[in-house]
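Below is the file model21.cif, which contains mmCIF, N, CA and C atoms.
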```
data_input
loop_
_atom_site.label_atom_id
_atom_site.label_comp_id
_atom_site.auth_asym_id
_atom_site.auth_seq_id
_atom_site.Cartn_x
_atom_site.Cartn_y
_atom_site.Cartn_z
N MET O 1466 -8.08 -18.77 -15.11
CA MET O 1466 -8.49 -17.40 -14.86
C MET O 1466 -7.41 -16.69 -14.05
N SER O 1467 -7.02 -15.53 -14.48
CA SER O 1467 -6.07 -14.71 -13.74
C SER O 1467 -6.82 -13.97 -12.65
N ARG O 1468 -6.32 -14.02 -11.43
CA ARG O 1468 -6.97 -13.34 -10.31
C ARG O 1468 -6.35 -11.98 -10.09
N LYS O 1469 -7.16 -11.08 -9.57
CA LYS O 1469 -6.70 -9.76 -9.20
C LYS O 1469 -6.96 -9.55 -7.72
N VAL O 1470 -6.17 -8.71 -7.11
CA VAL O 1470 -6.36 -8.39 -5.70
C VAL O 1470 -6.77 -6.92 -5.61
N PHE O 1471 -7.85 -6.67 -4.88
CA PHE O 1471 -8.31 -5.31 -4.59
C PHE O 1471 -8.27 -5.14 -3.08
N ILE O 1472 -7.35 -4.34 -2.62
CA ILE O 1472 -7.21 -4.06 -1.19
C ILE O 1472 -8.02 -2.80 -0.91
N ASN O 1473 -8.97 -2.88 0.00
CA ASN O 1473 -9.82 -1.74 0.35
C ASN O 1473 -9.31 -1.11 1.63
N LEU O 1474 -8.98 0.18 1.58
CA LEU O 1474 -8.46 0.88 2.75
C LEU O 1474 -9.29 2.13 3.03
N PRO O 1475 -9.69 2.33 4.29
CA PRO O 1475 -10.37 3.56 4.64
C PRO O 1475 -9.35 4.70 4.76
N VAL O 1476 -9.72 5.87 4.25
CA VAL O 1476 -8.82 7.02 4.32
C VAL O 1476 -9.58 8.24 4.83
N ALA O 1477 -8.91 9.06 5.60
CA ALA O 1477 -9.53 10.26 6.17
C ALA O 1477 -9.65 11.38 5.15
N ASP O 1478 -8.68 11.49 4.24
CA ASP O 1478 -8.65 12.57 3.26
C ASP O 1478 -8.34 11.95 1.90
N LEU O 1479 -9.37 11.73 1.10
CA LEU O 1479 -9.21 11.03 -0.19
C LEU O 1479 -8.25 11.74 -1.14
N PRO O 1480 -8.36 13.04 -1.36
CA PRO O 1480 -7.40 13.69 -2.26
C PRO O 1480 -5.95 13.57 -1.78
N ALA O 1481 -5.72 13.70 -0.49
CA ALA O 1481 -4.35 13.57 0.05
C ALA O 1481 -3.85 12.15 -0.10
N ALA O 1482 -4.70 11.16 0.14
CA ALA O 1482 -4.30 9.76 -0.01
C ALA O 1482 -3.96 9.44 -1.46
N LYS O 1483 -4.78 9.93 -2.39
CA LYS O 1483 -4.49 9.73 -3.82
C LYS O 1483 -3.13 10.33 -4.17
N ALA O 1484 -2.89 11.54 -3.74
CA ALA O 1484 -1.62 12.21 -4.04
C ALA O 1484 -0.44 11.44 -3.47
N PHE O 1485 -0.59 10.89 -2.27
CA PHE O 1485 0.47 10.11 -1.63
C PHE O 1485 0.85 8.93 -2.51
N TYR O 1486 -0.13 8.15 -2.96
CA TYR O 1486 0.16 6.96 -3.74
C TYR O 1486 0.71 7.30 -5.13
N VAL O 1487 0.27 8.41 -5.71
CA VAL O 1487 0.83 8.85 -6.99
C VAL O 1487 2.30 9.21 -6.80
N LYS O 1488 2.65 9.85 -5.68
CA LYS O 1488 4.05 10.19 -5.39
C LYS O 1488 4.91 8.95 -5.22
N LEU O 1489 4.29 7.82 -4.89
CA LEU O 1489 5.04 6.56 -4.79
C LEU O 1489 5.30 5.96 -6.16
N GLY O 1490 4.67 6.51 -7.18
CA GLY O 1490 4.89 6.02 -8.54
C GLY O 1490 3.74 5.20 -9.09
N PHE O 1491 2.63 5.12 -8.36
CA PHE O 1491 1.48 4.36 -8.82
C PHE O 1491 0.54 5.28 -9.58
N THR O 1492 -0.43 4.71 -10.28
CA THR O 1492 -1.37 5.51 -11.05
C THR O 1492 -2.79 5.34 -10.51
N ILE O 1493 -3.66 6.25 -10.92
CA ILE O 1493 -5.07 6.22 -10.52
C ILE O 1493 -5.90 5.78 -11.72
N ASN O 1494 -6.77 4.80 -11.52
CA ASN O 1494 -7.71 4.39 -12.56
C ASN O 1494 -8.96 5.25 -12.38
N GLU O 1495 -9.10 6.26 -13.22
CA GLU O 1495 -10.20 7.21 -13.10
C GLU O 1495 -11.56 6.57 -13.33
N GLN O 1496 -11.60 5.43 -14.01
CA GLN O 1496 -12.87 4.73 -14.25
C GLN O 1496 -13.52 4.31 -12.93
N PHE O 1497 -12.70 4.04 -11.91
CA PHE O 1497 -13.21 3.60 -10.61
C PHE O 1497 -12.88 4.61 -9.53
N THR O 1498 -12.97 5.88 -9.88
CA THR O 1498 -12.66 6.96 -8.95
C THR O 1498 -13.78 7.98 -8.97
N ASP O 1499 -14.20 8.39 -7.78
CA ASP O 1499 -15.19 9.46 -7.65
C ASP O 1499 -14.94 10.17 -6.32
N ASP O 1500 -15.94 10.85 -5.78
CA ASP O 1500 -15.77 11.57 -4.51
C ASP O 1500 -15.70 10.65 -3.30
N ASN O 1501 -16.09 9.38 -3.46
CA ASN O 1501 -16.11 8.42 -2.35
C ASN O 1501 -14.94 7.45 -2.36
N ALA O 1502 -14.36 7.23 -3.53
CA ALA O 1502 -13.35 6.18 -3.66
C ALA O 1502 -12.40 6.50 -4.81
N SER O 1503 -11.22 5.88 -4.73
CA SER O 1503 -10.25 6.01 -5.81
C SER O 1503 -9.51 4.69 -5.95
N CYS O 1504 -9.29 4.29 -7.19
CA CYS O 1504 -8.61 3.03 -7.48
C CYS O 1504 -7.14 3.33 -7.82
N VAL O 1505 -6.24 2.86 -6.96
CA VAL O 1505 -4.81 2.99 -7.19
C VAL O 1505 -4.32 1.71 -7.86
N VAL O 1506 -3.65 1.85 -8.99
CA VAL O 1506 -3.14 0.70 -9.71
C VAL O 1506 -1.69 0.47 -9.28
N ILE O 1507 -1.47 -0.64 -8.58
CA ILE O 1507 -0.13 -1.03 -8.15
C ILE O 1507 0.53 -1.83 -9.26
N SER O 1508 -0.22 -2.75 -9.83
CA SER O 1508 0.24 -3.55 -10.96
C SER O 1508 -1.00 -4.03 -11.71
N GLU O 1509 -0.78 -4.79 -12.76
CA GLU O 1509 -1.89 -5.32 -13.54
C GLU O 1509 -2.87 -6.11 -12.67
N HIS O 1510 -2.37 -6.74 -11.63
CA HIS O 1510 -3.20 -7.63 -10.82
C HIS O 1510 -3.43 -7.15 -9.39
N ILE O 1511 -2.87 -6.00 -9.02
CA ILE O 1511 -3.02 -5.49 -7.66
C ILE O 1511 -3.53 -4.06 -7.71
N HIS O 1512 -4.65 -3.84 -7.04
CA HIS O 1512 -5.27 -2.51 -6.98
C HIS O 1512 -5.61 -2.20 -5.52
N VAL O 1513 -5.50 -0.93 -5.17
CA VAL O 1513 -5.89 -0.49 -3.84
C VAL O 1513 -7.06 0.47 -4.00
N MET O 1514 -8.15 0.13 -3.34
CA MET O 1514 -9.31 1.01 -3.35
C MET O 1514 -9.25 1.87 -2.09
N LEU O 1515 -9.03 3.16 -2.29
CA LEU O 1515 -9.04 4.11 -1.18
C LEU O 1515 -10.47 4.58 -1.02
N LEU O 1516 -11.04 4.36 0.16
CA LEU O 1516 -12.45 4.68 0.39
C LEU O 1516 -12.57 5.68 1.54
N THR O 1517 -13.41 6.70 1.35
CA THR O 1517 -13.66 7.62 2.46
C THR O 1517 -14.22 6.80 3.63
N HIS O 1518 -14.06 7.29 4.82
CA HIS O 1518 -14.57 6.56 5.98
C HIS O 1518 -16.06 6.29 5.86
N GLU O 1519 -16.80 7.28 5.42
CA GLU O 1519 -18.26 7.13 5.30
C GLU O 1519 -18.61 6.01 4.31
N PHE O 1520 -17.94 5.99 3.18
CA PHE O 1520 -18.21 4.98 2.16
C PHE O 1520 -17.75 3.60 2.64
N PHE O 1521 -16.56 3.52 3.23
CA PHE O 1521 -16.03 2.26 3.75
C PHE O 1521 -16.99 1.66 4.78
N ALA O 1522 -17.56 2.50 5.64
CA ALA O 1522 -18.46 2.03 6.70
C ALA O 1522 -19.68 1.31 6.15
N GLY O 1523 -20.05 1.60 4.91
CA GLY O 1523 -21.20 0.94 4.31
C GLY O 1523 -20.94 -0.52 3.95
N PHE O 1524 -19.69 -0.97 4.02
CA PHE O 1524 -19.34 -2.34 3.66
C PHE O 1524 -19.10 -3.25 4.86
N THR O 1525 -19.17 -2.71 6.07
CA THR O 1525 -18.87 -3.52 7.25
C THR O 1525 -19.72 -3.08 8.43
N PRO O 1526 -20.15 -4.03 9.26
CA PRO O 1526 -20.89 -3.65 10.46
C PRO O 1526 -19.95 -3.25 11.61
N HIS O 1527 -18.64 -3.39 11.40
CA HIS O 1527 -17.66 -3.13 12.45
C HIS O 1527 -17.13 -1.70 12.39
N ALA O 1528 -16.62 -1.24 13.50
CA ALA O 1528 -15.99 0.09 13.55
C ALA O 1528 -14.74 0.08 12.67
N ILE O 1529 -14.43 1.21 12.12
CA ILE O 1529 -13.21 1.34 11.32
C ILE O 1529 -12.03 1.51 12.26
N SER O 1530 -11.02 0.71 12.05
CA SER O 1530 -9.83 0.77 12.90
C SER O 1530 -9.06 2.06 12.64
N ASP O 1531 -8.48 2.59 13.69
CA ASP O 1531 -7.55 3.71 13.54
C ASP O 1531 -6.17 3.08 13.41
N ALA O 1532 -5.66 3.02 12.19
CA ALA O 1532 -4.40 2.33 11.93
C ALA O 1532 -3.20 3.03 12.57
N HIS O 1533 -3.40 4.25 13.07
CA HIS O 1533 -2.33 4.91 13.82
C HIS O 1533 -2.23 4.35 15.23
N LYS O 1534 -3.28 3.67 15.69
CA LYS O 1534 -3.32 3.15 17.06
C LYS O 1534 -3.30 1.63 17.14
N ALA O 1535 -3.77 0.96 16.11
CA ALA O 1535 -3.84 -0.51 16.11
C ALA O 1535 -3.52 -1.00 14.71
N THR O 1536 -2.78 -2.08 14.63
CA THR O 1536 -2.42 -2.62 13.32
C THR O 1536 -3.55 -3.50 12.82
N GLU O 1537 -4.04 -3.18 11.66
CA GLU O 1537 -5.14 -3.93 11.07
C GLU O 1537 -4.64 -4.97 10.09
N VAL O 1538 -3.57 -4.63 9.36
CA VAL O 1538 -3.05 -5.51 8.33
C VAL O 1538 -1.64 -5.05 7.98
N LEU O 1539 -0.81 -5.95 7.54
CA LEU O 1539 0.51 -5.63 7.00
C LEU O 1539 0.49 -6.08 5.55
N VAL O 1540 0.71 -5.16 4.63
CA VAL O 1540 0.64 -5.49 3.22
C VAL O 1540 2.07 -5.55 2.67
N ALA O 1541 2.52 -6.75 2.33
CA ALA O 1541 3.84 -6.93 1.74
C ALA O 1541 3.72 -6.81 0.23
N LEU O 1542 4.68 -6.12 -0.37
CA LEU O 1542 4.65 -5.89 -1.81
C LEU O 1542 6.03 -6.20 -2.37
N SER O 1543 6.11 -7.17 -3.27
CA SER O 1543 7.41 -7.54 -3.83
C SER O 1543 7.90 -6.44 -4.77
N VAL O 1544 9.22 -6.23 -4.74
CA VAL O 1544 9.87 -5.29 -5.63
C VAL O 1544 11.07 -5.99 -6.26
N ASP O 1545 11.69 -5.33 -7.24
CA ASP O 1545 12.72 -5.97 -8.06
C ASP O 1545 14.14 -5.94 -7.51
N SER O 1546 14.40 -5.15 -6.46
CA SER O 1546 15.77 -5.06 -5.95
C SER O 1546 15.78 -4.49 -4.54
N ARG O 1547 16.93 -4.63 -3.88
CA ARG O 1547 17.11 -4.01 -2.57
C ARG O 1547 16.97 -2.49 -2.69
N GLU O 1548 17.53 -1.95 -3.76
CA GLU O 1548 17.47 -0.51 -3.98
C GLU O 1548 16.02 -0.05 -4.12
N ALA O 1549 15.19 -0.86 -4.76
CA ALA O 1549 13.78 -0.51 -4.93
C ALA O 1549 13.06 -0.46 -3.58
N VAL O 1550 13.47 -1.32 -2.65
CA VAL O 1550 12.89 -1.29 -1.29
C VAL O 1550 13.17 0.07 -0.67
N ASP O 1551 14.44 0.46 -0.68
CA ASP O 1551 14.83 1.73 -0.07
C ASP O 1551 14.20 2.92 -0.80
N GLU O 1552 14.09 2.81 -2.12
CA GLU O 1552 13.53 3.90 -2.92
C GLU O 1552 12.07 4.15 -2.58
N ILE O 1553 11.26 3.12 -2.49
CA ILE O 1553 9.84 3.34 -2.22
C ILE O 1553 9.62 3.82 -0.79
N VAL O 1554 10.42 3.34 0.16
CA VAL O 1554 10.29 3.84 1.53
C VAL O 1554 10.70 5.32 1.56
N GLY O 1555 11.74 5.67 0.83
CA GLY O 1555 12.16 7.07 0.74
C GLY O 1555 11.09 7.95 0.13
N ARG O 1556 10.46 7.47 -0.94
CA ARG O 1556 9.38 8.24 -1.58
C ARG O 1556 8.20 8.40 -0.63
N ALA O 1557 7.91 7.34 0.12
CA ALA O 1557 6.80 7.41 1.09
C ALA O 1557 7.08 8.49 2.14
N ARG O 1558 8.31 8.54 2.62
CA ARG O 1558 8.67 9.55 3.62
C ARG O 1558 8.56 10.95 3.02
N GLU O 1559 9.05 11.13 1.80
CA GLU O 1559 8.98 12.43 1.13
C GLU O 1559 7.53 12.86 0.89
N ALA O 1560 6.63 11.90 0.73
CA ALA O 1560 5.22 12.19 0.46
C ALA O 1560 4.41 12.37 1.73
N GLY O 1561 5.05 12.31 2.90
CA GLY O 1561 4.35 12.54 4.16
C GLY O 1561 4.12 11.30 5.00
N GLY O 1562 4.53 10.13 4.52
CA GLY O 1562 4.43 8.91 5.30
C GLY O 1562 5.59 8.78 6.26
N GLN O 1563 5.64 7.67 6.98
CA GLN O 1563 6.70 7.43 7.96
C GLN O 1563 7.33 6.07 7.72
N ALA O 1564 8.65 6.00 7.91
CA ALA O 1564 9.29 4.68 7.91
C ALA O 1564 8.79 3.93 9.13
N ASN O 1565 8.68 2.63 9.01
CA ASN O 1565 8.20 1.80 10.10
C ASN O 1565 9.33 0.85 10.48
N GLY O 1566 10.04 1.18 11.53
CA GLY O 1566 11.16 0.34 11.96
C GLY O 1566 12.37 0.53 11.06
N GLU O 1567 13.28 -0.41 11.15
CA GLU O 1567 14.52 -0.38 10.40
C GLU O 1567 14.48 -1.43 9.28
N PRO O 1568 15.32 -1.26 8.25
CA PRO O 1568 15.38 -2.29 7.20
C PRO O 1568 15.77 -3.63 7.80
N GLN O 1569 15.24 -4.69 7.22
CA GLN O 1569 15.53 -6.05 7.67
C GLN O 1569 16.29 -6.78 6.57
N ASP O 1570 17.54 -7.15 6.84
CA ASP O 1570 18.37 -7.84 5.85
C ASP O 1570 18.59 -9.26 6.32
N HIS O 1571 18.00 -10.21 5.60
CA HIS O 1571 18.12 -11.63 5.94
C HIS O 1571 18.97 -12.37 4.91
N GLY O 1572 19.82 -11.64 4.22
CA GLY O 1572 20.66 -12.25 3.20
C GLY O 1572 19.92 -12.45 1.89
N PHE O 1573 19.09 -13.46 1.82
CA PHE O 1573 18.32 -13.76 0.61
C PHE O 1573 17.10 -12.86 0.46
N MET O 1574 16.74 -12.15 1.55
CA MET O 1574 15.55 -11.31 1.55
C MET O 1574 15.87 -9.99 2.24
N TYR O 1575 15.36 -8.90 1.65
CA TYR O 1575 15.57 -7.57 2.21
C TYR O 1575 14.23 -6.85 2.23
N ALA O 1576 13.88 -6.26 3.35
CA ALA O 1576 12.58 -5.60 3.48
C ALA O 1576 12.69 -4.37 4.37
N HIS O 1577 11.77 -3.48 4.22
CA HIS O 1577 11.59 -2.33 5.10
C HIS O 1577 10.11 -2.01 5.01
N SER O 1578 9.61 -1.21 5.89
CA SER O 1578 8.19 -0.89 5.80
C SER O 1578 7.95 0.58 6.07
N PHE O 1579 6.77 1.03 5.64
CA PHE O 1579 6.38 2.42 5.87
C PHE O 1579 4.89 2.47 6.16
N MET O 1580 4.49 3.57 6.79
CA MET O 1580 3.08 3.84 7.05
C MET O 1580 2.62 4.95 6.13
N ASP O 1581 1.46 4.76 5.51
CA ASP O 1581 0.91 5.82 4.67
C ASP O 1581 0.30 6.90 5.55
N LEU O 1582 -0.39 7.86 4.97
CA LEU O 1582 -0.95 8.98 5.72
C LEU O 1582 -1.97 8.56 6.76
N ASP O 1583 -2.62 7.40 6.53
CA ASP O 1583 -3.64 6.92 7.46
C ASP O 1583 -3.12 5.85 8.40
N GLY O 1584 -1.81 5.57 8.36
CA GLY O 1584 -1.21 4.59 9.26
C GLY O 1584 -1.21 3.17 8.75
N HIS O 1585 -1.69 2.93 7.51
CA HIS O 1585 -1.66 1.59 6.93
C HIS O 1585 -0.20 1.22 6.66
N ILE O 1586 0.19 0.02 7.02
CA ILE O 1586 1.59 -0.39 6.90
C ILE O 1586 1.81 -1.21 5.64
N TRP O 1587 2.78 -0.76 4.86
CA TRP O 1587 3.20 -1.42 3.63
C TRP O 1587 4.63 -1.89 3.80
N GLU O 1588 4.94 -3.07 3.32
CA GLU O 1588 6.28 -3.62 3.44
C GLU O 1588 6.81 -4.02 2.07
N PRO O 1589 7.58 -3.13 1.42
CA PRO O 1589 8.23 -3.56 0.19
C PRO O 1589 9.32 -4.58 0.55
N VAL O 1590 9.36 -5.65 -0.23
CA VAL O 1590 10.30 -6.73 0.06
C VAL O 1590 10.94 -7.23 -1.23
N TYR O 1591 12.24 -7.45 -1.16
CA TYR O 1591 12.96 -8.04 -2.28
C TYR O 1591 13.46 -9.41 -1.84
N MET O 1592 13.19 -10.42 -2.65
CA MET O 1592 13.66 -11.76 -2.36
C MET O 1592 14.47 -12.23 -3.57
N GLU O 1593 15.68 -12.71 -3.29
CA GLU O 1593 16.53 -13.19 -4.37
C GLU O 1593 15.85 -14.33 -5.12
N GLU O 1594 16.01 -14.30 -6.43
CA GLU O 1594 15.41 -15.32 -7.28
C GLU O 1594 15.89 -16.71 -6.85
N GLY O 1595 14.97 -17.63 -6.76
CA GLY O 1595 15.30 -19.01 -6.38
C GLY O 1595 15.31 -19.24 -4.88
N ALA O 1596 15.13 -18.18 -4.08
CA ALA O 1596 15.18 -18.35 -2.63
C ALA O 1596 13.96 -19.06 -2.08
N VAL O 1597 12.88 -19.11 -2.83
CA VAL O 1597 11.64 -19.70 -2.33
C VAL O 1597 11.26 -20.94 -3.11
N GLU O 1598 12.20 -21.64 -3.65
CA GLU O 1598 11.85 -22.85 -4.41
C GLU O 1598 11.84 -24.07 -3.54
#
```
Would you kindly transcribe this structure into structure tokens?
Amino acid sequence: MSRKVFINLPVADLPAAKAFYVKLGFTINEQFTDDNASCVVISEHIHVMLLTHEFFAGFTPHAISDAHKATEVLVALSVDSREAVDEIVGRAREAGGQANGEPQDHGFMYAHSFMDLDGHIWEPVYMEEGAVE
């Protein structure tokens, strides 16, 4: 069985969050999108569910973290090249996000990170083929 990953993120402004991720080059699956949530397709096996705060709160007894003040999770996303790392961070900045720190070059691995509109941290990372064998 092929597994899929659905990352659920609370967002303050659903239309703005959808627009941000579309500007990064991802698509919206309208079948799983309404006024409470939107499904962002990262790849065939990775989806991000953007949920309004009110809707997200229905899935947890805990308070929703303010990702601008506390780090809840770091989401690493593999990309095909060093240039792709810089490109997606650049697109995130152009779409209203922020770069998070400086690029990290470890020779066989190159990464940088950005914060989306709600402060969620994404880390595009390129790893040379064969580096993890």
Arg1556 in chain O environment, 10 Å, only C-alpha atoms, sequence neighbours closer than 2 positions dropped, as a PyMOL selection string: chain O and resi 1485-1486+1488-1490+1551-1554+1558-1563+1579
Coordinates-based distance that separates atom C of Phe1497 in chain O from atom C of Glu1509 in chain O (Å, one decimal): 15.0 Å
Compare O:Thr1536, O:Ser1546, O:Ile1507, O:Val1513 by their minimum atom-to-atom distance to Ala1482 in chain O, counting only C-alpha atoms, and give me the closest one.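 Checking each of O:Thr1536, O:Ser1546, O:Ile1507, O:Val1513 against Ala1482 in chain O, counting only C-alpha atoms, the winner is O:Val1513.
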Selection: 6.5 Å around Ser1578 in chain O, all atoms listed in the file, excl. self and same-chain fewer than 2 positions, as JSON, numbers by chain: {"O": [1554, 1563, 1564, 1565, 1566, 1567, 1568, 1576, 1580, 1586, 1587, 1588, 1589]}
Run DSSP on the backbone of this structure and report the residues of chain O it assigns to strand (DSSP E or B), as number ranges by chain. O: 1470-1476, 1492-1494, 1502-1508, 1511-1517, 1539-1543, 1563-1570, 1574-1580, 1586-1592
Measure the distance from atom C of His1527 in chain O to atom C of Asp1583 in chain O in Å and round it to one decimal. 16.4 Å
All residues 7 Å or closer to Gly1584 in chain O, only N, CA and C atoms, same chain fewer than 6 positions away omitted, as JSON, numbers by chain: {"O": [1531, 1532, 1533, 1534]}
Store the residues picked out above in a file with N, CA and C atoms, as a PDB file, in the coordinates of the input.
```pdb
ATOM      1  N   ASP O1531      -8.480   2.590  13.690  1.00  0.00           N
ATOM      2  CA  ASP O1531      -7.550   3.710  13.540  1.00  0.00           C
ATOM      3  C   ASP O1531      -6.170   3.080  13.410  1.00  0.00           C
ATOM      4  N   ALA O1532      -5.660   3.020  12.190  1.00  0.00           N
ATOM      5  CA  ALA O1532      -4.400   2.330  11.930  1.00  0.00           C
ATOM      6  C   ALA O1532      -3.200   3.030  12.570  1.00  0.00           C
ATOM      7  N   HIS O1533      -3.400   4.250  13.070  1.00  0.00           N
ATOM      8  CA  HIS O1533      -2.330   4.910  13.820  1.00  0.00           C
ATOM      9  C   HIS O1533      -2.230   4.350  15.230  1.00  0.00           C
ATOM     10  N   LYS O1534      -3.280   3.670  15.690  1.00  0.00           N
ATOM     11  CA  LYS O1534      -3.320   3.150  17.060  1.00  0.00           C
ATOM     12  C   LYS O1534      -3.300   1.630  17.140  1.00  0.00           C
TER      13      LYS O1534
END
```
Would you please work out which residue, of O:Val1550, O:Ile1493, O:Met1574, O:Leu1479, is nearest to Thr1517 in chain O when using only N, CA and C atoms?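 When distances to Thr1517 in chain O are compared using only N, CA and C atoms, the smallest one comes from O:Leu1479.
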Kindly give the distance, in Å, that separates CA of Met1592 in chain O and CA of Tyr1575 in chain O, rounded to a single decimal.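 CA of Tyr1575 in chain O lies at a distance of 6.5 Å from CA of Met1592 in chain O.
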Selection result of the PyMOL selection byres ((chain O and resi 1500) around 8) on this file, as a list in words: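 Listing what the PyMOL selection byres ((chain O and resi 1500) around 8) selects in the shown file: Leu1479, Pro1480, Phe1497, Thr1498, Asp1499, Asn1501, Ala1502, Ser1503, Leu1516 and Thr1517 of chain O.
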Using all atoms listed in the file for the distances, tell me which of O:Met1514, O:Val1544, O:Leu1582, O:Leu1539 is nearest to Asn1473 in chain O.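 Among O:Met1514, O:Val1544, O:Leu1582, O:Leu1539, it is O:Met1514 that comes nearest to Asn1473 in chain O.
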Return as a ChimeraX atom specification the full set of residues in range 1545-1585 of chain O whose backbone-based DSSP assignment is helix (DSSP H, G or I). /O:1547-1559
Please produce an output containing N, CA and C atoms for each residue in the selection, written as a PDB file, in the frame of the given file.
```pdb
ATOM      1  N   ARG O1547      16.930  -4.630  -3.880  1.00  0.00           N
ATOM      2  CA  ARG O1547      17.110  -4.010  -2.570  1.00  0.00           C
ATOM      3  C   ARG O1547      16.970  -2.490  -2.690  1.00  0.00           C
ATOM      4  N   GLU O1548      17.530  -1.950  -3.760  1.00  0.00           N
ATOM      5  CA  GLU O1548      17.470  -0.510  -3.980  1.00  0.00           C
ATOM      6  C   GLU O1548      16.020  -0.050  -4.120  1.00  0.00           C
ATOM      7  N   ALA O1549      15.190  -0.860  -4.760  1.00  0.00           N
ATOM      8  CA  ALA O1549      13.780  -0.510  -4.930  1.00  0.00           C
ATOM      9  C   ALA O1549      13.060  -0.460  -3.580  1.00  0.00           C
ATOM     10  N   VAL O1550      13.470  -1.320  -2.650  1.00  0.00           N
ATOM     11  CA  VAL O1550      12.890  -1.290  -1.290  1.00  0.00           C
ATOM     12  C   VAL O1550      13.170   0.070  -0.670  1.00  0.00           C
ATOM     13  N   ASP O1551      14.440   0.460  -0.680  1.00  0.00           N
ATOM     14  CA  ASP O1551      14.830   1.730  -0.070  1.00  0.00           C
ATOM     15  C   ASP O1551      14.200   2.920  -0.800  1.00  0.00           C
ATOM     16  N   GLU O1552      14.090   2.810  -2.120  1.00  0.00           N
ATOM     17  CA  GLU O1552      13.530   3.900  -2.920  1.00  0.00           C
ATOM     18  C   GLU O1552      12.070   4.150  -2.580  1.00  0.00           C
ATOM     19  N   ILE O1553      11.260   3.120  -2.490  1.00  0.00           N
ATOM     20  CA  ILE O1553       9.840   3.340  -2.220  1.00  0.00           C
ATOM     21  C   ILE O1553       9.620   3.820  -0.790  1.00  0.00           C
ATOM     22  N   VAL O1554      10.420   3.340   0.160  1.00  0.00           N
ATOM     23  CA  VAL O1554      10.290   3.840   1.530  1.00  0.00           C
ATOM     24  C   VAL O1554      10.700   5.320   1.560  1.00  0.00           C
ATOM     25  N   GLY O1555      11.740   5.670   0.830  1.00  0.00           N
ATOM     26  CA  GLY O1555      12.160   7.070   0.740  1.00  0.00           C
ATOM     27  C   GLY O1555      11.090   7.950   0.130  1.00  0.00           C
ATOM     28  N   ARG O1556      10.460   7.470  -0.940  1.00  0.00           N
ATOM     29  CA  ARG O1556       9.380   8.240  -1.580  1.00  0.00           C
ATOM     30  C   ARG O1556       8.200   8.400  -0.630  1.00  0.00           C
ATOM     31  N   ALA O1557       7.910   7.340   0.120  1.00  0.00           N
ATOM     32  CA  ALA O1557       6.800   7.410   1.090  1.00  0.00           C
ATOM     33  C   ALA O1557       7.080   8.490   2.140  1.00  0.00           C
ATOM     34  N   ARG O1558       8.310   8.540   2.620  1.00  0.00           N
ATOM     35  CA  ARG O1558       8.670   9.550   3.620  1.00  0.00           C
ATOM     36  C   ARG O1558       8.560  10.950   3.020  1.00  0.00           C
ATOM     37  N   GLU O1559       9.050  11.130   1.800  1.00  0.00           N
ATOM     38  CA  GLU O1559       8.980  12.430   1.130  1.00  0.00           C
ATOM     39  C   GLU O1559       7.530  12.860   0.890  1.00  0.00           C
TER      40      GLU O1559
END
```
Padded axis-aligned box of range 1582-1594 of chain O (6 Å per side), centre and edge lengths, Å, one decimal, as lines of an AutoDock Vina configuration file:
```
center_x = 6.4
center_y = -3.9
center_z = 1.0
size_x = 32.2
size_y = 37.7
size_z = 28.5
```
From O:Phe1471, O:Phe1521, O:Tyr1591, O:Phe1491, residue lying nearest Leu1542 in chain O [only C-alpha atoms]: O:Tyr1591
Looking at all atoms listed in the file, which of O:Ala1596, O:Asn1494, O:Ser1508, O:Val1590 is the one that sits closest to Ser1543 in chain O?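 Distance minimum relative to Ser1543 in chain O lands on O:Val1590.
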Between O:Glu1537, O:Asp1545, O:Asp1581, O:Glu1593, which residue has the minimum interatomic distance to Lys1483 in chain O, considering only C-alpha atoms?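 Counting only C-alpha atoms, the residue closest to Lys1483 in chain O is O:Asp1581.
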